[in-house]
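The structure appears right after this line, and notes come after that.
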Amino acid sequence: MISGFIPVCAVTALGWAAGRFRTLGPHAQPVLGRFAFTFAMPALLFLTLSTTPVGEIADPGVAAFASGLLAVFGAGLLLSGTVLRMRPADRAWY
């Protein structure tokens, strides 16, 4: 699984470097960041999960990660609705 995230880290690092040294212009860093997390990360996750045997995915560590992810997602949704009084459409966007 680690080898699957190396390309994403590389794209993120290249995006940072492009923004830091203004290699691709002033808007390169946000565009490359959006590309990496909107297209590259889901494609990489799909590719990695589709080629990994189910026995390797069904692990207590993955269950703990998924539980924590759902807890944080639920807390964010709850707080954005009650404390920040955001509309449902705005809560989905941020």
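Ordering of the structure tokens sets the chain letters (A, B, ...); residue numbers start at 1 within each chain; ligands are numbered from 1 in the order shown.
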### Query
Ala28 of chain A: which residues within 12 Å, counting only C-alpha atoms, same-chain residues fewer than 2 positions away excluded, as number ranges by chain?
A: 12, 14-26, 30-36
### Message
If DSSP is run on the backbone, what residues of chain A are helix (DSSP H, G or I)? A reply as a ChimeraX atom specification would be ideal.
### Response
/A:2-20,28-51,54-57,60-82,88-93
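Interatomic distance, atom CA of His27 of chain A to atom CA of Ala10 of chain A: 18.7 Å.
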### Task
Tell me, in Å to one decimal, how far atom CA of Glu56 of chain A is from atom CA of Leu70 of chain A.
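If I compute the distance from atom CA of Glu56 of chain A to atom CA of Leu70 of chain A, I get 20.9 Å.
You can rank A:Val8, A:Thr51, A:Leu79, A:Ser67 by their closest distance to Phe39 of chain A using only C-alpha atoms, and at the top of that list sits A:Val8.
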### Task
Could you jot down the atom CA of Phe65 of chain A to atom CA of Met86 of chain A separation for me, Å, one decimal place?
27.1 Å
